[in-house]
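Below is query-v5.pdb, which holds PDB, C-alpha atoms and all ligand atoms.
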ATOM      1  CA  MET F   1      61.254 -38.774 -48.050  1.00  0.00           C
ATOM      2  CA  ASP F   2      58.340 -40.652 -49.397  1.00  0.00           C
ATOM      3  CA  PRO F   3      56.998 -38.644 -52.324  1.00  0.00           C
ATOM      4  CA  LYS F   4      53.488 -39.602 -51.355  1.00  0.00           C
ATOM      5  CA  ASP F   5      53.939 -37.641 -48.118  1.00  0.00           C
ATOM      6  CA  SER F   6      55.176 -34.358 -49.475  1.00  0.00           C
ATOM      7  CA  PRO F   7      51.859 -32.825 -50.698  1.00  0.00           C
ATOM      8  CA  THR F   8      50.302 -33.324 -47.288  1.00  0.00           C
ATOM      9  CA  GLN F   9      53.044 -31.529 -45.290  1.00  0.00           C
ATOM     10  CA  PRO F  10      51.896 -27.954 -46.080  1.00  0.00           C
ATOM     11  CA  ASP F  11      48.298 -28.964 -45.352  1.00  0.00           C
ATOM     12  CA  ARG F  12      49.250 -30.330 -41.952  1.00  0.00           C
ATOM     13  CA  ARG F  13      51.307 -27.251 -41.085  1.00  0.00           C
ATOM     14  CA  GLU F  14      48.491 -24.972 -42.182  1.00  0.00           C
ATOM     15  CA  PHE F  15      46.000 -26.944 -40.112  1.00  0.00           C
ATOM     16  CA  ILE F  16      48.161 -26.735 -36.970  1.00  0.00           C
ATOM     17  CA  THR F  17      48.741 -22.999 -37.504  1.00  0.00           C
ATOM     18  CA  LYS F  18      45.016 -22.360 -37.871  1.00  0.00           C
ATOM     19  CA  ALA F  19      44.178 -24.504 -34.846  1.00  0.00           C
ATOM     20  CA  CYS F  20      46.682 -22.560 -32.711  1.00  0.00           C
ATOM     21  CA  ALA F  21      45.290 -19.241 -33.940  1.00  0.00           C
ATOM     22  CA  LEU F  22      41.734 -20.338 -33.176  1.00  0.00           C
ATOM     23  CA  THR F  23      42.683 -21.474 -29.674  1.00  0.00           C
ATOM     24  CA  ALA F  24      44.517 -18.218 -28.943  1.00  0.00           C
ATOM     25  CA  GLY F  25      41.550 -16.241 -30.282  1.00  0.00           C
ATOM     26  CA  ALA F  26      39.088 -18.193 -28.149  1.00  0.00           C
ATOM     27  CA  VAL F  27      41.163 -17.594 -25.000  1.00  0.00           C
ATOM     28  CA  ALA F  28      41.514 -13.884 -25.826  1.00  0.00           C
ATOM     29  CA  ALA F  29      37.743 -13.580 -26.303  1.00  0.00           C
ATOM     30  CA  THR F  30      36.822 -15.587 -23.201  1.00  0.00           C
ATOM     31  CA  VAL F  31      38.677 -13.409 -20.685  1.00  0.00           C
ATOM     32  CA  PRO F  32      36.816 -10.135 -21.441  1.00  0.00           C
ATOM     33  CA  ALA F  33      33.527 -12.023 -21.846  1.00  0.00           C
ATOM     34  CA  ALA F  34      33.972 -13.582 -18.402  1.00  0.00           C
ATOM     35  CA  ALA F  35      34.791 -10.166 -16.933  1.00  0.00           C
ATOM     36  CA  GLY F  36      31.640  -8.708 -18.522  1.00  0.00           C
ATOM     37  CA  LEU F  37      29.559 -11.555 -17.119  1.00  0.00           C
ATOM     38  CA  PHE F  38      31.022 -10.915 -13.671  1.00  0.00           C
ATOM     39  CA  VAL F  39      29.962  -7.242 -13.868  1.00  0.00           C
ATOM     40  CA  LEU F  40      26.478  -8.276 -15.001  1.00  0.00           C
ATOM     41  CA  LEU F  41      26.128 -10.673 -12.101  1.00  0.00           C
ATOM     42  CA  ASP F  42      27.520  -8.229  -9.537  1.00  0.00           C
ATOM     43  CA  PRO F  43      24.984  -8.343  -6.684  1.00  0.00           C
ATOM     44  CA  LEU F  44      24.932  -4.570  -6.379  1.00  0.00           C
ATOM     45  CA  GLY F  45      24.602  -3.915 -10.053  1.00  0.00           C
ATOM     46  CA  ARG F  46      27.313  -1.280  -9.368  1.00  0.00           C
ATOM     47  CA  LYS F  47      24.824   1.560  -9.759  1.00  0.00           C
ATOM     48  CA  GLY F  48      21.408   1.544  -8.257  1.00  0.00           C
ATOM     49  CA  GLY F  49      21.326  -1.904  -6.724  1.00  0.00           C
ATOM     50  CA  GLY F  50      19.000  -4.343  -8.439  1.00  0.00           C
ATOM     51  CA  GLY F  51      20.821  -7.502  -7.397  1.00  0.00           C
ATOM     52  CA  GLU F  52      19.948 -10.175  -4.893  1.00  0.00           C
ATOM     53  CA  PRO F  53      17.769  -9.307  -1.876  1.00  0.00           C
ATOM     54  CA  VAL F  54      19.734  -8.009   1.103  1.00  0.00           C
ATOM     55  CA  ARG F  55      18.868  -8.442   4.768  1.00  0.00           C
ATOM     56  CA  VAL F  56      17.673  -5.104   6.109  1.00  0.00           C
ATOM     57  CA  ALA F  57      16.142  -5.643   9.552  1.00  0.00           C
ATOM     58  CA  ALA F  58      14.683  -8.127  11.976  1.00  0.00           C
ATOM     59  CA  LEU F  59      10.937  -8.423  11.477  1.00  0.00           C
ATOM     60  CA  GLU F  60      10.352  -7.626  15.135  1.00  0.00           C
ATOM     61  CA  ALA F  61      12.099  -4.253  14.645  1.00  0.00           C
ATOM     62  CA  ILE F  62       9.173  -3.065  12.520  1.00  0.00           C
ATOM     63  CA  PRO F  63       6.134  -1.832  14.450  1.00  0.00           C
ATOM     64  CA  ASP F  64       3.028  -3.908  13.753  1.00  0.00           C
ATOM     65  CA  ASP F  65       0.707  -0.885  13.680  1.00  0.00           C
ATOM     66  CA  GLY F  66       1.453   0.124  10.072  1.00  0.00           C
ATOM     67  CA  VAL F  67       3.791   2.968  11.017  1.00  0.00           C
ATOM     68  CA  PRO F  68       6.883   2.995   8.793  1.00  0.00           C
ATOM     69  CA  ARG F  69      10.378   2.886  10.135  1.00  0.00           C
ATOM     70  CA  LYS F  70      13.528   3.915   8.322  1.00  0.00           C
ATOM     71  CA  PHE F  71      16.485   1.539   7.870  1.00  0.00           C
ATOM     72  CA  SER F  72      19.818   1.767   6.115  1.00  0.00           C
ATOM     73  CA  VAL F  73      20.490  -0.800   3.425  1.00  0.00           C
ATOM     74  CA  LEU F  74      23.944  -2.340   3.653  1.00  0.00           C
ATOM     75  CA  ALA F  75      25.436  -4.764   1.192  1.00  0.00           C
ATOM     76  CA  THR F  76      28.698  -6.319   0.209  1.00  0.00           C
ATOM     77  CA  ARG F  77      30.363  -4.380  -2.575  1.00  0.00           C
ATOM     78  CA  VAL F  78      32.544  -6.407  -4.893  1.00  0.00           C
ATOM     79  CA  ASP F  79      34.901  -4.967  -7.463  1.00  0.00           C
ATOM     80  CA  ALA F  80      37.729  -6.464  -9.434  1.00  0.00           C
ATOM     81  CA  TRP F  81      40.074  -6.646  -6.453  1.00  0.00           C
ATOM     82  CA  ASN F  82      38.093  -6.105  -3.249  1.00  0.00           C
ATOM     83  CA  ARG F  83      35.106  -7.443  -1.374  1.00  0.00           C
ATOM     84  CA  THR F  84      33.867  -4.883   1.160  1.00  0.00           C
ATOM     85  CA  PRO F  85      31.038  -5.910   3.521  1.00  0.00           C
ATOM     86  CA  ASN F  86      28.412  -3.583   5.003  1.00  0.00           C
ATOM     87  CA  VAL F  87      28.648  -0.760   2.497  1.00  0.00           C
ATOM     88  CA  PRO F  88      25.632   1.623   2.682  1.00  0.00           C
ATOM     89  CA  ILE F  89      23.834   1.562  -0.660  1.00  0.00           C
ATOM     90  CA  GLY F  90      20.645   3.383   0.324  1.00  0.00           C
ATOM     91  CA  ALA F  91      17.795   3.471   2.794  1.00  0.00           C
ATOM     92  CA  VAL F  92      14.204   2.280   2.924  1.00  0.00           C
ATOM     93  CA  TYR F  93      11.072   2.741   4.951  1.00  0.00           C
ATOM     94  CA  LEU F  94       9.638  -0.591   6.084  1.00  0.00           C
ATOM     95  CA  ARG F  95       6.103  -0.977   7.345  1.00  0.00           C
ATOM     96  CA  ARG F  96       3.855  -3.844   8.222  1.00  0.00           C
ATOM     97  CA  ALA F  97       0.700  -3.461   6.178  1.00  0.00           C
ATOM     98  CA  VAL F  98      -2.707  -4.917   6.949  1.00  0.00           C
ATOM     99  CA  GLY F  99      -2.440  -8.701   7.082  1.00  0.00           C
ATOM    100  CA  GLY F 100       1.178  -8.572   8.142  1.00  0.00           C
ATOM    101  CA  THR F 101       2.780  -8.166   4.714  1.00  0.00           C
ATOM    102  CA  VAL F 102       5.875  -6.004   4.768  1.00  0.00           C
ATOM    103  CA  GLN F 103       6.141  -3.050   2.411  1.00  0.00           C
ATOM    104  CA  ALA F 104       9.416  -1.325   1.542  1.00  0.00           C
ATOM    105  CA  PHE F 105       9.768   2.115  -0.023  1.00  0.00           C
ATOM    106  CA  ASN F 106      12.957   3.693  -1.252  1.00  0.00           C
ATOM    107  CA  VAL F 107      13.487   6.910   0.741  1.00  0.00           C
ATOM    108  CA  VAL F 108      14.431   8.813  -2.406  1.00  0.00           C
ATOM    109  CA  CYS F 109      11.761  11.179  -3.729  1.00  0.00           C
ATOM    110  CA  PRO F 110      10.908  10.351  -7.355  1.00  0.00           C
ATOM    111  CA  HIS F 111      10.744  14.067  -8.242  1.00  0.00           C
ATOM    112  CA  ALA F 112      14.357  15.142  -7.936  1.00  0.00           C
ATOM    113  CA  GLY F 113      16.037  12.757  -5.539  1.00  0.00           C
ATOM    114  CA  CYS F 114      15.695  14.359  -2.088  1.00  0.00           C
ATOM    115  CA  PHE F 115      15.101  12.091   0.898  1.00  0.00           C
ATOM    116  CA  VAL F 116      11.532  11.967   2.185  1.00  0.00           C
ATOM    117  CA  ASP F 117      10.695  12.053   5.906  1.00  0.00           C
ATOM    118  CA  TYR F 118       7.836  10.285   7.583  1.00  0.00           C
ATOM    119  CA  VAL F 119       5.668  12.721   9.550  1.00  0.00           C
ATOM    120  CA  ALA F 120       3.968  10.614  12.184  1.00  0.00           C
ATOM    121  CA  ASP F 121       1.387  13.281  13.199  1.00  0.00           C
ATOM    122  CA  ALA F 122       0.196  13.743   9.612  1.00  0.00           C
ATOM    123  CA  LYS F 123       0.611  10.039   8.793  1.00  0.00           C
ATOM    124  CA  HIS F 124       2.331  10.781   5.518  1.00  0.00           C
ATOM    125  CA  TYR F 125       5.753  11.063   3.913  1.00  0.00           C
ATOM    126  CA  LEU F 126       6.922  14.591   3.166  1.00  0.00           C
ATOM    127  CA  CYS F 127       9.649  15.607   0.767  1.00  0.00           C
ATOM    128  CA  PRO F 128      11.301  18.708   2.228  1.00  0.00           C
ATOM    129  CA  CYS F 129      12.560  19.957  -1.135  1.00  0.00           C
ATOM    130  CA  HIS F 130       9.282  20.781  -2.946  1.00  0.00           C
ATOM    131  CA  ASN F 131       6.690  19.586  -0.443  1.00  0.00           C
ATOM    132  CA  SER F 132       5.452  16.468  -2.204  1.00  0.00           C
ATOM    133  CA  THR F 133       3.475  14.297   0.172  1.00  0.00           C
ATOM    134  CA  PHE F 134       2.797  10.564  -0.059  1.00  0.00           C
ATOM    135  CA  ASP F 135       0.419   8.460   1.994  1.00  0.00           C
ATOM    136  CA  THR F 136       1.625   5.472   4.005  1.00  0.00           C
ATOM    137  CA  GLU F 137       1.063   3.246   0.950  1.00  0.00           C
ATOM    138  CA  GLY F 138       3.483   5.448  -1.001  1.00  0.00           C
ATOM    139  CA  ARG F 139       0.815   7.036  -3.212  1.00  0.00           C
ATOM    140  CA  ILE F 140       0.915  10.722  -4.140  1.00  0.00           C
ATOM    141  CA  GLN F 141      -1.286  12.519  -1.648  1.00  0.00           C
ATOM    142  CA  ASP F 142      -1.387  16.071  -2.984  1.00  0.00           C
ATOM    143  CA  PRO F 143      -2.582  16.301  -6.615  1.00  0.00           C
ATOM    144  CA  LYS F 144      -0.382  19.390  -7.038  1.00  0.00           C
ATOM    145  CA  SER F 145       2.670  17.389  -6.051  1.00  0.00           C
ATOM    146  CA  PRO F 146       5.548  17.862  -8.482  1.00  0.00           C
ATOM    147  CA  SER F 147       6.494  14.214  -8.079  1.00  0.00           C
ATOM    148  CA  PRO F 148       5.651  12.315 -11.266  1.00  0.00           C
ATOM    149  CA  ARG F 149       4.914   9.068  -9.405  1.00  0.00           C
ATOM    150  CA  GLY F 150       4.435   7.653  -5.943  1.00  0.00           C
ATOM    151  CA  LEU F 151       7.273   6.400  -3.792  1.00  0.00           C
ATOM    152  CA  ASP F 152       9.177   3.507  -5.315  1.00  0.00           C
ATOM    153  CA  GLU F 153       8.063   0.292  -3.682  1.00  0.00           C
ATOM    154  CA  LEU F 154      10.633  -2.496  -3.503  1.00  0.00           C
ATOM    155  CA  ALA F 155      10.160  -6.253  -3.400  1.00  0.00           C
ATOM    156  CA  THR F 156      10.462  -7.799   0.052  1.00  0.00           C
ATOM    157  CA  GLU F 157      10.531 -11.239   1.564  1.00  0.00           C
ATOM    158  CA  VAL F 158      10.547 -12.434   5.153  1.00  0.00           C
ATOM    159  CA  ARG F 159      13.092 -15.140   5.798  1.00  0.00           C
ATOM    160  CA  ASP F 160      14.386 -16.522   9.094  1.00  0.00           C
ATOM    161  CA  GLY F 161      12.688 -13.768  11.073  1.00  0.00           C
ATOM    162  CA  ALA F 162      14.239 -10.995   8.999  1.00  0.00           C
ATOM    163  CA  VAL F 163      13.103  -8.695   6.201  1.00  0.00           C
ATOM    164  CA  TRP F 164      15.036  -8.930   2.952  1.00  0.00           C
ATOM    165  CA  VAL F 165      14.691  -6.238   0.327  1.00  0.00           C
ATOM    166  CA  LYS F 166      15.576  -6.277  -3.337  1.00  0.00           C
ATOM    167  CA  PHE F 167      17.054  -2.814  -3.317  1.00  0.00           C
ATOM    168  CA  GLN F 168      16.916  -0.653  -6.421  1.00  0.00           C
ATOM    169  CA  ASN F 169      17.170   3.040  -7.221  1.00  0.00           C
ATOM    170  CA  TYR F 170      14.979   4.432  -9.955  1.00  0.00           C
ATOM    171  CA  ARG F 171      15.382   7.438 -12.215  1.00  0.00           C
ATOM    172  CA  ALA F 172      14.054  10.695 -10.803  1.00  0.00           C
ATOM    173  CA  GLY F 173      11.680  12.836 -12.816  1.00  0.00           C
ATOM    174  CA  ALA F 174      10.128  10.023 -14.890  1.00  0.00           C
ATOM    175  CA  LYS F 175       6.528   8.872 -14.647  1.00  0.00           C
ATOM    176  CA  GLU F 176       7.551   5.229 -15.045  1.00  0.00           C
ATOM    177  CA  LYS F 177       9.815   3.331 -12.661  1.00  0.00           C
ATOM    178  CA  LEU F 178      13.000   3.068 -14.689  1.00  0.00           C
ATOM    179  CA  PRO F 179      16.006   1.480 -12.967  1.00  0.00           C
ATOM    180  CA  ALA F 180      18.815   3.989 -12.397  1.00  0.00           C
TER     181      ALA F 180
HETATM  182  S1  LIG K 201      12.566  16.403  -4.783  1.00  0.00           S
HETATM  183 FE1  LIG K 201      10.836  15.733  -3.708  1.00  0.00          FE
HETATM  184  S2  LIG K 201       9.287  17.085  -4.302  1.00  0.00           S
HETATM  185 FE2  LIG K 201      11.002  17.727  -5.420  1.00  0.00          FE
END
Can you give me the file's structure in the form of structure tokens?
Amino acid sequence: MDPKDSPTQPDRREFITKACALTAGAVAATVPAAAGLFVLLDPLGRKGGGGEPVRVAALEAIPDDGVPRKFSVLATRVDAWNRTPNVPIGAVYLRRAVGGTVQAFNVVCPHAGCFVDYVADAKHYLCPCHNSTFDTEGRIQDPKSPSPRGLDELATEVRDGAVWVKFQNYRAGAKEKLPA
């Protein structure tokens, strides 16, 4: 053996050992990080929605006189092993407002989570649990209403003749709209 080589052998071995350990560590850290990213990017958000807009109804299915109509919201649920299409994740009232813009309201009452009904004769939404009422724009109608805020409006877009809604549930009982 060349004596000049001998001092470098331990250094080389140590370097290779450290490089292998670093590579193994990087791989071990990447797998859970990628899984976490996948959960973050899950279109349903796994709880209250909040992902990409979902197609809810054909535009022509919504009356053009401002009267709301209720629709189920279906989406594709993805978990670690399965992809299940058309899973109900909630429901919305859609209405065509003045000027043709489409409004969407989550059907869940912001007070305690009951489902509101639209009462056509009274032209308002009524929560059957504690009688909160909301006008067609989703605002609290009765000042004595126990609901801390108006109905939760959701972002909409009209694309290819259909209404798409960015569905989200919000926490009940809070004055602010806080995602559930
Ligand atoms: S849950 Fe709607 S008013 Fe109480």
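Taking CA of Ala174 (chain F) and CA of Thr101 (chain F) as endpoints, the distance between them is 27.7 Å.
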In Å and to one decimal, CA of Gly161 (chain F) is distant from CA of Pro53 (chain F) by 14.6 Å
| request: Find the residues near Lys166 (chain F): any atom within 12 Å, counting all atoms listed in the file, skip ones fewer than 2 places away on the same chain, and give them as a VMD selection string. | output: chain F and resid 43 to 45 48 to 56 73 to 75 89 to 92 103 to 106 152 to 158 163 to 164 168 to 169
I need the output of the PyMOL selection byres (((not hetatm)) within 9 of (chain K and resi 201)) for this file as a VMD selection string; which residues are they?
chain F and resid 108 to 116 126 to 133 145 to 147 172 to 173
Write the residues you've just listed into a file as a short mmCIF file (atom, residue, chain, number, x, y, z; two decimals), in the frame of the given file, and include C-alpha atoms for each of them.
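After the write, result_37.cif holds the following:
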data_model
loop_
_atom_site.label_atom_id
_atom_site.label_comp_id
_atom_site.auth_asym_id
_atom_site.auth_seq_id
_atom_site.Cartn_x
_atom_site.Cartn_y
_atom_site.Cartn_z
CA VAL F 108 14.43 8.81 -2.41
CA CYS F 109 11.76 11.18 -3.73
CA PRO F 110 10.91 10.35 -7.36
CA HIS F 111 10.74 14.07 -8.24
CA ALA F 112 14.36 15.14 -7.94
CA GLY F 113 16.04 12.76 -5.54
CA CYS F 114 15.70 14.36 -2.09
CA PHE F 115 15.10 12.09 0.90
CA VAL F 116 11.53 11.97 2.18
CA LEU F 126 6.92 14.59 3.17
CA CYS F 127 9.65 15.61 0.77
CA PRO F 128 11.30 18.71 2.23
CA CYS F 129 12.56 19.96 -1.14
CA HIS F 130 9.28 20.78 -2.95
CA ASN F 131 6.69 19.59 -0.44
CA SER F 132 5.45 16.47 -2.20
CA THR F 133 3.48 14.30 0.17
CA SER F 145 2.67 17.39 -6.05
CA PRO F 146 5.55 17.86 -8.48
CA SER F 147 6.49 14.21 -8.08
CA ALA F 172 14.05 10.70 -10.80
CA GLY F 173 11.68 12.84 -12.82
#
On this structure, the PyMOL selection byres (((chain F and resi 67) around 8) and not hetatm) would catch which residues? List them as a list in words, sorted by chain and number.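 Answer for the PyMOL selection byres (((chain F and resi 67) around 8) and not hetatm): Pro63, Asp64, Asp65, Gly66, Pro68, Arg69, Arg95, Arg96, Ala120 and Thr136 of chain F.
CA of Leu94 (chain F) to CA of Lys70 (chain F) spans 6.4 Å [interatomic distance, one decimal].
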